[in-house]
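Asks: Pasting in a structure now, in structure tokens, and then I'll have a few things to ask.
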Amino acid sequence: MASIRENGSKYEARFSVTINGQTARRSVALDYKPTKAAHKTVEKLCNDADRMLALGESWEVVKAWLTGSDVTAPETLGFWFQHYIDVIAPEVDGVADSTLDGYESLYNSHWITFDNRPITSLTLEDMQRHLLPKKVSKKTKREAVSVLNRICRPAGVKTFEDWKIKKSKKDAQPEPDPYTAAERDLLLPKLRPWPIAYAYFLTGFYTGMRTSELLGLHWSDYDGTGFNVWQAMVRRKMQSHTKTKRRYVIVPQVIRSLLNEYPTRFEGGLIFKTPEGHMFKDADWLMDKWNRAHKTANVRRRLGLYPWRHTYISLALQGGMNINDVAVQSGNSRSVIEKHYAKWIPNAGDIARLLAQIEEAQK
């Protein structure tokens, strides 16, 4: 059965099709302004398309019928987009399913107009004239250009390789703004009235794991010493990929002690569940408790997706932890750590002072 959703001023329909004996997904933008009447029309079209596919009709023919266009030929942008989605992205680039969803959405929102154009006939001027006046952020435009380049690369088209959309100050990624150890220790006790939130943020502060990775943790991933991190909650779906595919995260004693007494330990399944015992599909409930803790602790709330992750990395580096170990534990590359957290990496003088302090404390 096709799935239908509104995408801006159009509908987007997704189908499961069989190609060379294997199931693949296909999506198409349908030029109907979303209304109740249009939705019924689109549903009927998609049902008919499902029947055509079930009777063995090719996707190219079905797509052409749905859009009222000619059958997609191998040299078109649409053909090379499907080739990228089906072959290059999963098998060569190792792109996760959730990222593929984003690529499809970007394509259907920005490049579907050129779907049946021969890919070698596309000009930079045509594509710029189409994209640049759109009222979307520079970040979205950069992502759309990135998808276009990914499609064109296997086709050997280099027309858009040098197309750059400059970042503005508004688009710039903010510098990490971690909590101090003292602020962390003020915040965590304020979360104790909600044991689930307390355990969640404690684990985040002391492992540096991402929000999506924390929500994807199962008891089977925990061996008493650390977590096998291999899946994440992405766009309200559990994905068997994280940014680093799979890694082992060692957990300190403070977390091991908490997990040994945690109520769901012997139930199996997810470690962090909603108060009703269900899967967290987003972190809204958790973030509500996070905001309350800041007010009662009188601590400045940091912005961004996971300031507790920045706290873990900055404190680990300040404490003298090897940069390579920090990178492995947090699931970042060494270059990312050096780029974003350089000011917390001790220099030789800092290390000498740290060693002297340790020696003094042991006398």
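Going through the structure tokens in order, the chains are called A, B, and so on, while each chain numbers its residues from 1 and the ligands are numbered from 1 in the order shown.
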Write out as a count of residues only all residues of region 14-48 of chain A that backbone DSSP assigns to strand (DSSP E).
Replies: 15
Asks: If we count only C-alpha atoms, what is near Tyr206 (chain A) at a cut-off of 8 Å, once residues fewer than 3 positions away on the same chain are taken out, given as a VMD selection string?
Replies: chain A and resid 202 to 203 251 to 252 255 312
Asks: Of the candidates A:Asn298, A:Thr225, A:Thr67, A:Ser314, which shows the shortest atom-to-atom distance to Ala181 (chain A), using only C-alpha atoms?
Replies: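 Distance minimum relative to Ala181 (chain A) lands on A:Ser314.
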Asks: Residues within 12 Å of region 36-45 of chain A, please, as a PyMOL selection string. Count only C-alpha atoms; anything in the same chain fewer than 3 positions from it doesn't count.
Replies: chain A and resi 1-6+9-14+28-33+48-52+62-63+65-68
Asks: Do you know which residues are at most 12 Å from Lys141 (chain A) counting only C-alpha atoms, after dropping those on the same chain fewer than 4 positions away, and could you put them as a list of chain:residue names?
Replies: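 Here the qualifying residues turn out to be A:Leu106, A:Tyr107, A:Ser109, A:His110, A:Trp111, A:Met127, A:Gln128, A:His130, A:Leu131, A:Leu132, A:Pro133, A:Lys134, A:Lys135, A:Val136, A:Ser137, A:Val145, A:Ser146, A:Val147, A:Leu148, A:Trp163, A:Lys164, A:Ile165, A:Lys166, A:Lys167, A:Asp171.
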Asks: List as a PyMOL selection string the protein and nucleic acid residues near Phe160 (chain A), meaning an atom at most 7 Å away when only C-alpha atoms are counted, but skip any in the same chain fewer than 2 places from it.
Replies: chain A and resi 124+149+158+162-163
Asks: Based on the selection just made, write N, CA and C atoms of those residues as a short mmCIF file (atom, residue, chain, number, x, y, z; two decimals), in the first residue's frame.
Replies:
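Full text of part-v4.cif as output:
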data_model
loop_
_atom_site.label_atom_id
_atom_site.label_comp_id
_atom_site.auth_asym_id
_atom_site.auth_seq_id
_atom_site.Cartn_x
_atom_site.Cartn_y
_atom_site.Cartn_z
N LEU A 124 23.83 25.22 -14.71
CA LEU A 124 23.94 25.86 -13.40
C LEU A 124 22.97 27.03 -13.30
N ASN A 149 24.46 17.32 -6.13
CA ASN A 149 25.81 16.86 -6.45
C ASN A 149 25.97 15.36 -6.24
N LYS A 158 29.65 17.14 -13.77
CA LYS A 158 30.39 17.97 -12.82
C LYS A 158 29.93 19.43 -12.84
N ASP A 162 31.13 23.16 -8.11
CA ASP A 162 31.66 24.39 -7.48
C ASP A 162 30.56 25.32 -6.99
N TRP A 163 29.32 24.87 -7.02
CA TRP A 163 28.20 25.73 -6.57
C TRP A 163 28.20 25.77 -5.05
#
